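Pasting run.cif here (mmCIF, C-alpha atoms):
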```
data_protein
#
loop_
_atom_site.group_PDB
_atom_site.id
_atom_site.type_symbol
_atom_site.label_atom_id
_atom_site.label_comp_id
_atom_site.auth_asym_id
_atom_site.auth_seq_id
_atom_site.Cartn_x
_atom_site.Cartn_y
_atom_site.Cartn_z
ATOM 1 C CA MET J 16 148.410 38.774 0.568
ATOM 2 C CA ALA J 17 146.218 38.376 3.536
ATOM 3 C CA ASP J 18 144.403 35.048 4.232
ATOM 4 C CA GLN J 19 140.713 35.491 3.138
ATOM 5 C CA ARG J 20 139.355 32.426 5.001
ATOM 6 C CA GLU J 21 137.125 33.069 7.887
ATOM 7 C CA PRO J 22 138.705 32.646 11.184
ATOM 8 C CA ARG J 23 137.841 29.433 12.971
ATOM 9 C CA SER J 24 135.390 29.859 15.732
ATOM 10 C CA ASP J 25 136.064 28.063 18.926
ATOM 11 C CA ASN J 26 132.291 28.283 19.891
ATOM 12 C CA LEU J 27 131.014 25.472 17.527
ATOM 13 C CA PRO J 28 129.697 22.324 19.318
ATOM 14 C CA GLU J 29 131.922 19.413 19.257
ATOM 15 C CA ILE J 30 130.634 16.364 17.426
ATOM 16 C CA VAL J 31 130.961 13.251 19.457
ATOM 17 C CA ASP J 32 130.424 9.683 18.447
ATOM 18 C CA ALA J 33 126.619 8.896 18.138
ATOM 19 C CA GLU J 34 124.975 5.578 18.397
ATOM 20 C CA VAL J 35 122.871 4.469 15.439
ATOM 21 C CA VAL J 36 119.356 3.602 16.568
ATOM 22 C CA ASP J 37 117.254 1.062 14.711
ATOM 23 C CA VAL J 38 113.925 2.707 13.850
ATOM 24 C CA ALA J 39 112.064 -0.570 13.488
ATOM 25 C CA GLU J 40 113.067 -1.681 16.923
ATOM 26 C CA THR J 41 111.958 1.662 18.266
ATOM 27 C CA ASP J 42 108.489 1.278 16.692
ATOM 28 C CA ARG J 43 108.100 -2.214 18.091
ATOM 29 C CA ALA J 44 109.064 -0.996 21.501
ATOM 30 C CA ALA J 45 106.484 1.780 21.232
ATOM 31 C CA GLU J 46 103.831 -0.661 20.188
ATOM 32 C CA SER J 47 104.642 -2.953 23.072
ATOM 33 C CA ASP J 48 104.278 -0.036 25.441
ATOM 34 C CA ARG J 49 100.733 0.658 24.131
ATOM 35 C CA ALA J 50 97.702 -0.723 25.961
ATOM 36 C CA PRO J 51 96.381 -3.949 24.480
ATOM 37 C CA GLU J 52 93.348 -3.488 22.170
ATOM 38 C CA PRO J 53 90.073 -4.814 23.528
ATOM 39 C CA PRO J 54 88.776 -8.028 21.947
ATOM 40 C CA PRO J 55 86.120 -7.604 19.184
ATOM 41 C CA ARG J 56 82.621 -7.261 20.489
ATOM 42 C CA PRO J 57 80.322 -10.199 19.810
ATOM 43 C CA GLN J 58 77.673 -9.497 17.173
ATOM 44 C CA ALA J 59 74.258 -8.679 18.496
ATOM 45 C CA PRO J 60 71.624 -11.347 17.810
ATOM 46 C CA LYS J 61 69.530 -10.774 14.733
ATOM 47 C CA THR J 62 66.300 -8.901 15.346
ATOM 48 C CA ALA J 63 62.854 -9.492 13.906
ATOM 49 C CA GLU J 64 63.526 -6.775 11.327
ATOM 50 C CA ASP J 65 66.490 -8.779 10.005
ATOM 51 C CA ALA J 66 64.274 -11.874 9.723
ATOM 52 C CA GLU J 67 61.618 -9.920 7.841
ATOM 53 C CA TYR J 68 64.257 -8.539 5.533
ATOM 54 C CA GLN J 69 65.523 -12.061 4.814
ATOM 55 C CA GLU J 70 61.985 -13.161 4.064
ATOM 56 C CA PHE J 71 61.596 -10.211 1.727
ATOM 57 C CA LEU J 72 64.775 -11.198 -0.101
ATOM 58 C CA GLU J 73 63.595 -14.788 -0.397
ATOM 59 C CA PHE J 74 60.207 -13.630 -1.716
ATOM 60 C CA LYS J 75 61.908 -11.349 -4.218
ATOM 61 C CA ARG J 76 64.107 -14.187 -5.447
ATOM 62 C CA PHE J 77 60.994 -16.403 -5.733
ATOM 63 C CA LYS J 78 59.172 -13.781 -7.825
ATOM 64 C CA GLU J 79 62.221 -13.440 -10.096
ATOM 65 C CA TRP J 80 62.329 -17.206 -10.531
ATOM 66 C CA GLN J 81 58.569 -17.263 -11.171
ATOM 67 C CA ALA J 82 58.897 -14.576 -13.844
ATOM 68 C CA ALA J 83 61.738 -16.537 -15.438
ATOM 69 C CA GLN J 84 59.495 -19.646 -15.572
ATOM 70 C CA GLY J 85 56.771 -17.742 -17.479
ATOM 71 C CA GLY J 86 54.490 -16.751 -14.635
ATOM 72 C CA GLY J 87 54.068 -20.097 -12.861
ATOM 73 C CA ALA J 88 51.024 -20.116 -10.674
ATOM 74 C CA ALA J 89 50.109 -16.597 -11.755
ATOM 75 C CA GLY J 90 49.073 -17.947 -15.159
ATOM 76 C CA ALA J 91 46.878 -20.723 -13.718
ATOM 77 C CA PRO J 92 43.108 -20.304 -14.272
ATOM 78 C CA GLN J 93 41.328 -18.741 -11.303
ATOM 79 C CA PRO J 94 38.208 -20.454 -9.869
ATOM 80 C CA GLU J 95 34.967 -18.995 -11.192
ATOM 81 C CA LYS J 96 32.963 -16.793 -8.826
ATOM 82 C CA PRO J 97 29.558 -18.035 -7.639
ATOM 83 C CA TRP J 98 26.548 -16.684 -9.525
ATOM 84 C CA TRP J 99 25.268 -14.765 -6.500
ATOM 85 C CA LYS J 100 28.562 -12.891 -6.161
ATOM 86 C CA LYS J 101 28.354 -11.927 -9.829
ATOM 87 C CA ALA J 102 24.765 -10.753 -9.331
ATOM 88 C CA LEU J 103 25.707 -8.643 -6.323
ATOM 89 C CA GLY J 104 28.624 -7.209 -8.252
ATOM 90 C CA THR J 105 26.251 -5.733 -10.829
ATOM 91 C CA LEU J 106 24.654 -3.568 -8.120
ATOM 92 C CA ARG J 107 27.615 -1.217 -8.292
ATOM 93 C CA TYR J 108 26.178 0.099 -11.570
ATOM 94 C CA LYS J 109 23.644 2.888 -11.126
ATOM 95 C CA TRP J 110 21.427 1.785 -14.031
ATOM 96 C CA VAL J 111 21.079 -1.719 -12.530
ATOM 97 C CA ARG J 112 19.952 -0.236 -9.232
ATOM 98 C CA ARG J 113 17.416 1.981 -10.997
ATOM 99 C CA ILE J 114 15.898 -0.996 -12.838
ATOM 100 C CA LEU J 115 15.682 -2.874 -9.548
ATOM 101 C CA TYR J 116 13.902 0.073 -7.901
ATOM 102 C CA VAL J 117 11.388 0.233 -10.767
ATOM 103 C CA LEU J 118 10.640 -3.490 -10.531
ATOM 104 C CA ILE J 119 10.108 -3.264 -6.772
ATOM 105 C CA ALA J 120 7.809 -0.254 -7.228
ATOM 106 C CA LEU J 121 5.747 -2.100 -9.869
ATOM 107 C CA LEU J 122 5.448 -5.127 -7.602
ATOM 108 C CA LEU J 123 4.243 -2.988 -4.699
ATOM 109 C CA LEU J 124 1.740 -1.199 -6.935
ATOM 110 C CA ASN J 125 0.379 -4.520 -8.174
ATOM 111 C CA LEU J 126 -0.025 -5.790 -4.616
ATOM 112 C CA ALA J 127 -1.726 -2.571 -3.559
ATOM 113 C CA TYR J 128 -4.073 -2.751 -6.564
ATOM 114 C CA ASP J 129 -5.060 -6.339 -5.762
ATOM 115 C CA HIS J 130 -5.587 -5.422 -2.133
ATOM 116 C CA TYR J 131 -7.811 -2.394 -2.694
ATOM 117 C CA PHE J 132 -9.535 -3.253 -5.990
ATOM 118 C CA GLY J 133 -9.326 -7.033 -6.174
ATOM 119 C CA ASP J 134 -9.527 -9.277 -3.137
ATOM 120 C CA GLY J 135 -11.397 -6.749 -1.003
ATOM 121 C CA GLY J 136 -14.199 -6.222 -3.525
ATOM 122 C CA GLY J 137 -15.018 -2.826 -2.000
ATOM 123 C CA SER J 138 -17.092 -2.197 1.094
ATOM 124 C CA SER J 139 -19.053 -5.120 2.422
ATOM 125 C CA SER J 140 -22.196 -5.212 4.557
ATOM 126 C CA GLY J 141 -21.815 -8.935 5.241
ATOM 127 C CA GLY J 142 -18.115 -9.410 6.048
ATOM 128 C CA GLY J 143 -16.411 -11.371 3.277
ATOM 129 C CA THR J 144 -13.145 -12.323 4.963
ATOM 130 C CA GLY J 145 -12.437 -15.429 2.865
ATOM 131 C CA GLY J 146 -13.803 -18.939 2.464
ATOM 132 C CA SER J 147 -17.013 -19.938 0.760
ATOM 133 C CA ALA J 148 -20.061 -17.844 1.522
ATOM 134 C CA PRO J 149 -23.176 -19.507 2.989
ATOM 135 C CA VAL J 150 -26.104 -19.842 0.639
ATOM 136 C CA ASP J 151 -28.250 -17.435 2.657
ATOM 137 C CA ALA J 152 -25.461 -14.948 3.390
ATOM 138 C CA VAL J 153 -26.099 -11.253 2.877
ATOM 139 C CA PRO J 154 -24.506 -10.401 -0.485
ATOM 140 C CA MET J 155 -21.390 -8.319 -0.560
ATOM 141 C CA THR J 156 -21.723 -4.878 -2.061
ATOM 142 C CA ALA J 157 -19.280 -2.870 -4.154
ATOM 143 C CA GLN J 158 -18.834 0.863 -4.436
ATOM 144 C CA ASN J 159 -19.644 0.849 -8.168
ATOM 145 C CA PRO J 160 -20.633 -1.651 -10.907
ATOM 146 C CA GLN J 161 -17.134 -1.855 -12.380
ATOM 147 C CA GLN J 162 -15.634 -2.779 -9.037
ATOM 148 C CA ALA J 163 -18.268 -5.464 -8.518
ATOM 149 C CA ILE J 164 -17.535 -7.221 -11.824
ATOM 150 C CA ARG J 165 -13.788 -6.917 -11.342
ATOM 151 C CA SER J 166 -14.210 -8.581 -7.948
ATOM 152 C CA VAL J 167 -16.148 -11.447 -9.569
ATOM 153 C CA HIS J 168 -13.222 -12.176 -11.889
ATOM 154 C CA ASN J 169 -10.742 -11.874 -9.031
ATOM 155 C CA TYR J 170 -12.642 -14.317 -6.793
ATOM 156 C CA LEU J 171 -13.173 -16.814 -9.607
ATOM 157 C CA ARG J 172 -9.426 -17.084 -10.232
ATOM 158 C CA ALA J 173 -8.674 -17.639 -6.492
ATOM 159 C CA GLU J 174 -9.222 -20.493 -4.072
ATOM 160 C CA PRO J 175 -11.974 -21.177 -3.230
ATOM 161 C CA PRO J 176 -13.673 -19.679 -6.321
ATOM 162 C CA GLU J 177 -17.157 -19.829 -4.775
ATOM 163 C CA GLN J 178 -16.305 -16.629 -2.884
ATOM 164 C CA ALA J 179 -17.578 -14.865 -6.015
ATOM 165 C CA CYS J 180 -21.106 -16.019 -5.174
ATOM 166 C CA ALA J 181 -21.142 -13.605 -2.224
ATOM 167 C CA LEU J 182 -21.431 -10.729 -4.717
ATOM 168 C CA PHE J 183 -24.781 -12.081 -6.032
ATOM 169 C CA ASP J 184 -28.175 -11.966 -4.360
ATOM 170 C CA ALA J 185 -30.381 -15.084 -4.433
ATOM 171 C CA GLN J 186 -31.786 -14.388 -7.909
ATOM 172 C CA GLY J 187 -28.346 -13.572 -9.267
ATOM 173 C CA LYS J 188 -26.854 -16.806 -7.879
ATOM 174 C CA ALA J 189 -29.584 -18.852 -9.562
ATOM 175 C CA GLY J 190 -28.986 -17.150 -12.889
ATOM 176 C CA PHE J 191 -25.189 -17.642 -12.688
ATOM 177 C CA GLY J 192 -25.584 -21.335 -11.843
ATOM 178 C CA SER J 193 -28.055 -21.990 -14.679
ATOM 179 C CA ALA J 194 -25.916 -20.140 -17.222
ATOM 180 C CA HIS J 195 -22.898 -22.316 -16.433
ATOM 181 C CA GLY J 196 -24.553 -25.727 -16.348
ATOM 182 C CA ALA J 197 -25.381 -25.936 -12.643
ATOM 183 C CA PRO J 198 -28.991 -24.805 -12.095
ATOM 184 C CA GLY J 199 -29.471 -23.389 -8.600
ATOM 185 C CA ASP J 200 -25.856 -24.133 -7.626
ATOM 186 C CA CYS J 201 -23.637 -21.051 -7.788
ATOM 187 C CA THR J 202 -20.769 -22.892 -6.081
ATOM 188 C CA ALA J 203 -20.570 -25.589 -8.763
ATOM 189 C CA ALA J 204 -20.779 -22.954 -11.503
ATOM 190 C CA ALA J 205 -17.928 -20.951 -9.941
ATOM 191 C CA ARG J 206 -15.735 -24.044 -9.755
ATOM 192 C CA ALA J 207 -16.498 -24.864 -13.395
ATOM 193 C CA VAL J 208 -15.387 -21.378 -14.475
ATOM 194 C CA HIS J 209 -12.280 -21.618 -12.246
ATOM 195 C CA ALA J 210 -11.244 -24.833 -13.996
ATOM 196 C CA GLN J 211 -11.103 -22.969 -17.335
ATOM 197 C CA ILE J 212 -8.772 -20.181 -16.123
ATOM 198 C CA THR J 213 -5.239 -20.486 -17.505
ATOM 199 C CA ASP J 214 -3.694 -17.203 -16.324
ATOM 200 C CA PRO J 215 -5.071 -16.132 -12.919
ATOM 201 C CA ASN J 216 -3.246 -12.788 -12.808
ATOM 202 C CA ALA J 217 -4.481 -11.714 -16.236
ATOM 203 C CA TYR J 218 -8.026 -12.921 -15.541
ATOM 204 C CA ALA J 219 -8.246 -10.858 -12.354
ATOM 205 C CA ASN J 220 -7.728 -7.613 -14.275
ATOM 206 C CA PRO J 221 -10.293 -7.374 -17.095
ATOM 207 C CA GLY J 222 -10.595 -4.276 -19.231
ATOM 208 C CA PHE J 223 -13.803 -2.315 -19.660
ATOM 209 C CA GLY J 224 -14.795 -0.655 -22.930
ATOM 210 C CA HIS J 225 -16.291 2.818 -22.879
ATOM 211 C CA ASP J 226 -19.745 1.297 -23.547
ATOM 212 C CA ALA J 227 -19.392 -1.807 -21.355
ATOM 213 C CA ILE J 228 -21.316 -0.286 -18.405
ATOM 214 C CA VAL J 229 -24.795 1.204 -18.811
ATOM 215 C CA GLU J 230 -26.107 2.811 -15.635
ATOM 216 C CA ALA J 231 -29.639 4.162 -15.193
ATOM 217 C CA GLY J 232 -30.772 5.316 -11.768
ATOM 218 C CA SER J 233 -30.531 2.520 -9.223
ATOM 219 C CA GLU J 234 -29.797 -0.141 -11.844
ATOM 220 C CA ALA J 235 -26.789 -0.873 -14.046
ATOM 221 C CA GLN J 236 -25.908 -3.340 -16.744
ATOM 222 C CA VAL J 237 -22.358 -4.607 -17.461
ATOM 223 C CA LEU J 238 -21.977 -6.235 -20.878
ATOM 224 C CA GLY J 239 -19.383 -8.999 -20.848
ATOM 225 C CA CYS J 240 -19.037 -8.932 -24.633
ATOM 226 C CA ARG J 241 -17.694 -5.375 -24.404
ATOM 227 C CA MET J 242 -14.996 -6.266 -21.876
ATOM 228 C CA GLN J 243 -11.432 -7.333 -22.607
ATOM 229 C CA VAL J 244 -10.823 -10.574 -20.720
ATOM 230 C CA THR J 245 -7.682 -12.706 -21.039
ATOM 231 C CA GLY J 246 -6.473 -15.800 -19.220
ATOM 232 C CA GLY J 247 -9.920 -17.432 -18.909
ATOM 233 C CA PRO J 248 -13.501 -17.594 -20.183
ATOM 234 C CA GLN J 249 -15.430 -14.459 -20.973
ATOM 235 C CA LEU J 250 -18.507 -14.040 -18.812
ATOM 236 C CA GLY J 251 -21.982 -12.878 -19.838
ATOM 237 C CA THR J 252 -24.128 -9.886 -18.953
ATOM 238 C CA PHE J 253 -24.590 -8.719 -15.356
ATOM 239 C CA LYS J 254 -27.479 -6.724 -13.976
ATOM 240 C CA LEU J 255 -26.698 -4.790 -10.776
ATOM 241 C CA THR J 256 -28.978 -3.052 -8.287
ATOM 242 C CA ARG J 257 -28.090 -0.303 -5.867
ATOM 243 C CA THR J 258 -28.860 -1.188 -2.249
ATOM 244 C CA PRO J 259 -30.338 1.264 0.283
ATOM 245 C CA GLN J 260 -26.899 1.491 1.865
ATOM 246 C CA GLY J 261 -25.452 2.772 -1.419
ATOM 247 C CA GLY J 262 -23.548 -0.325 -2.530
ATOM 248 C CA TRP J 263 -24.122 -2.460 -5.630
ATOM 249 C CA THR J 264 -25.061 -6.152 -5.756
ATOM 250 C CA ILE J 265 -25.544 -8.496 -8.743
ATOM 251 C CA SER J 266 -29.243 -9.228 -9.073
ATOM 252 C CA ALA J 267 -29.306 -11.077 -12.427
ATOM 253 C CA TYR J 268 -26.952 -12.838 -14.852
ATOM 254 C CA ALA J 269 -27.244 -14.269 -18.359
ATOM 255 C CA ARG J 270 -24.733 -15.675 -20.859
ATOM 256 C CA THR J 271 -26.442 -13.773 -23.741
ATOM 257 C CA SER J 272 -28.535 -10.645 -24.091
ATOM 258 C CA SER J 273 -29.965 -8.419 -26.791
ATOM 259 C CA ALA J 274 -26.818 -6.298 -26.637
ATOM 260 C CA CYS J 275 -24.541 -9.357 -26.547
ATOM 261 C CA PRO J 276 -26.071 -12.072 -28.726
#
```

Mind converting the file's structure to structure tokens?
Amino acid sequence: MADQREPRSDNLPEIVDAEVVDVAETDRAAESDRAPEPPPRPQAPKTAEDAEYQEFLEFKRFKEWQAAQGGGAAGAPQPEKPWWKKALGTLRYKWVRRILYVLIALLLLNLAYDHYFGDGGGSSSGGGTGGSAPVDAVPMTAQNPQQAIRSVHNYLRAEPPEQACALFDAQGKAGFGSAHGAPGDCTAAARAVHAQITDPNAYANPGFGHDAIVEAGSEAQVLGCRMQVTGGPQLGTFKLTRTPQGGWTISAYARTSSACP
């Protein structure tokens, strides 16, 4: 029977004795051959952003501690605002501003009324710029009887009250003085009436009834008993005469009359 084994080949490499190499020593040798690693870089100095961040952390920790303590200073009573700051704060409301505008408008209207229908006393042929009028001064004239009597009340409530005498002629001054306990002295009578006035603003604006003024041609009569006067004594009856220049002056005065007993 023939031998089935494969014939031996003479071409195989011959195994020789090999040296066993220690792997660990090989790795250490490789590491020693490597270039040395550079030393660690020094840390860059902290920037301002890092400082702000640290402050933020400290503030956050403070707020957490404050919340843990029940609010701390947050619960303390705040100082009360001054009254003027509170008053200015109300101006942010529209309705407050509207009320303020109305009050200012009323004040300006009152000043304008006193200027044109009170202190001025209408047109004047003899000046009338304030102060007491001389005894022989040309009487002031008004545009109409109502304006003349309103000016009398306005002057009597002011200082000096004898300015009202400038609205009377000589005969009217004598009658006004006699009616108020000072015969022939209109200045003393005006001061006596002034002393009885308790509300100057109200006294300067008397009301006139529909039948308080009776006008006939160049003469007119104003009945004090048919006027609404507050803040001071009620005056008597005035007789007025139209001047050639068209104004009105008080030519007679009496505390009582047939129409006002």

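Note that CA of Ala235 in chain J and CA of Arg165 in chain J are 14.6 Å apart.
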
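Here CA of Ala189 in chain J stands at a distance of 18.6 Å from CA of Ser166 in chain J.
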
At a cut-off of 8 Å, using only C-alpha atoms, what residues contact Ala217 in chain J? Leave out same-chain residues fewer than 3 positions from it and give the result as a PyMOL selection string. chain J and resi 214+220-221+244-246

Between J:Trp98, J:Tyr116, J:Tyr128, J:Phe183, which residue has the minimum interatomic distance to Ile164 in chain J, considering only C-alpha atoms? J:Phe183

Closest of J:Glu174, J:Asp184, J:Glu73, J:Asp200 to Pro215 in chain J - atom-to-atom distances counting all atoms listed in the file: J:Glu174

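When only C-alpha atoms are used to measure the gap to Ala227 in chain J, the shortest distance among J:Ala274, J:Ile212, J:Ile265, J:Ala185 belongs to J:Ala274.
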
Output check: residues returned by the PyMOL selection byres ((chain J and resi 267) around 10), as a PyMOL selection string: chain J and resi 183-191+236+252-256+264-266+268-269

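Selection check: the PyMOL selection byres ((chain J and resi 224) around 8) on the shown file gives J:Gly222, J:Phe223, J:His225, J:Asp226, J:Ala227, J:Ile228, J:Arg241, J:Met242, J:Gln243.
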
Counting only C-alpha atoms, which residue out of J:Ile114, J:Ala181, J:Ala127, J:Ala207 sits closest to Ser193 in chain J? J:Ala207
